[in-house]
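Trainee: After the structure tokens below, expect a handful of questions from me.
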Amino acid sequence: MFKQVTGFAVVLALAACGGEKAERTITTSDGSTLSVKKGDRAGEAKITATNAEGSATMTTGGAGQWPTAAAGYVPPYPGGVVTASFAGSSKEASGGMVTFTTSDSPDKVVEFYKAQAASAGLGDVSNIDINGAKIFAAKDKATGRSVSIQATVSEGRTSAAVTFGTDKK
């Protein structure tokens with residue numbers, strides 16, 4: 001795993017160097033490969049790590065993009081401004097995270113995602129309020145889908161992080 005993370009950093013560094021090449025791949029001494037390809041959308045990159053045990057793919061998106069891998073129960077927050085996002089998958093699980101800002105309160109953000117989770121059949125796992133920071137998590141044990149939301153006020157705006165995923169069975 002350490003080799004993959006180290007290699008991942010090397011590949012990202014190579015990708016950040018620019019150039020016209022749409023794909024960069026490196027092969028490690030143990031035969032594992034790490035590649036970065038331009039994604040389907042502007043500012044998107046697809047990173048794939050492959051070794052003897054299988055492969056995992058992660059898609060990163062530039063600011064302003066909601067991850068295409070987000071399931072229907074994790075829609076973009078109305079009026080939210082995406083600041084970063086990524087999504088990935090392996091043979092065991094898939095998921096991702098997106099951060100955004102909004103002028104709405106943390107309570108309103110969390111209530112929006114609570115309603116989305118409830119309508120998708122996810123049950124509450126936790127509800128936490130720590131000094132105005134709101135945290136909510138829900139899961140559907142039958143499908144393996146989960147979502148968590150963290151929202152807090154920072155510099156006069158609400159900053160939120162939504163993490164979503166599905167355990168493959």
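Chain labels follow the order of the structure tokens: the first chain is A, the next B, and so on; residue numbering restarts at 1 in every chain, and ligands are counted from 1 in their shown order.
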Skipping near chain neighbours, those fewer than 2 positions away, what residues fall within 10 Å of region 82-91 of chain A using only C-alpha atoms, listed as an MDAnalysis selection string?
Mentor: chainID A and resid 44:49 53:70 76:77 79:80 93:102 159:169
Trainee: Can you pull out the residues contacting Asn131 (chain A)? Cut-off 12 Å, using only C-alpha atoms, and skip same-chain residues under 6 positions away; I want them as a ChimeraX atom specification.
Mentor: /A:106,151-153
Trainee: Asn51 (chain A): which residues within 10 Å, counting only C-alpha atoms, same-chain residues fewer than 5 positions away excluded, as a list in words?
Mentor: Met1, Gln4, Thr27, Thr28, Asp30, Gly31, Ser32, Thr33, Leu34 and Ala56 of chain A
Trainee: Point out the residue among A:Thr25, A:Gly39, A:Pro78, A:Ser105 with the least atom-to-atom distance to Gly156 (chain A), counting only C-alpha atoms.
Mentor: A:Ser105
Trainee: If you measure from CA of Thr158 (chain A) to CA of Lys114 (chain A), what distance in Å do you get, rounded to one decimal?
Mentor: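 Atom-to-atom, CA of Thr158 (chain A) and CA of Lys114 (chain A) are spaced 16.8 Å apart.
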Trainee: In Å, rounded to a single decimal, give me how far CA of Glu111 (chain A) is from CA of Thr143 (chain A).
Mentor: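 So the two atoms, CA of Thr143 (chain A) and CA of Glu111 (chain A), lie 22.4 Å apart.
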Trainee: Using only C-alpha atoms, can you tell me which of A:Ala22, A:Leu122, A:Ile135, A:Ala142 comes closest to Tyr73 (chain A)?
Mentor: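 Counting only C-alpha atoms, the residue closest to Tyr73 (chain A) is A:Leu122.
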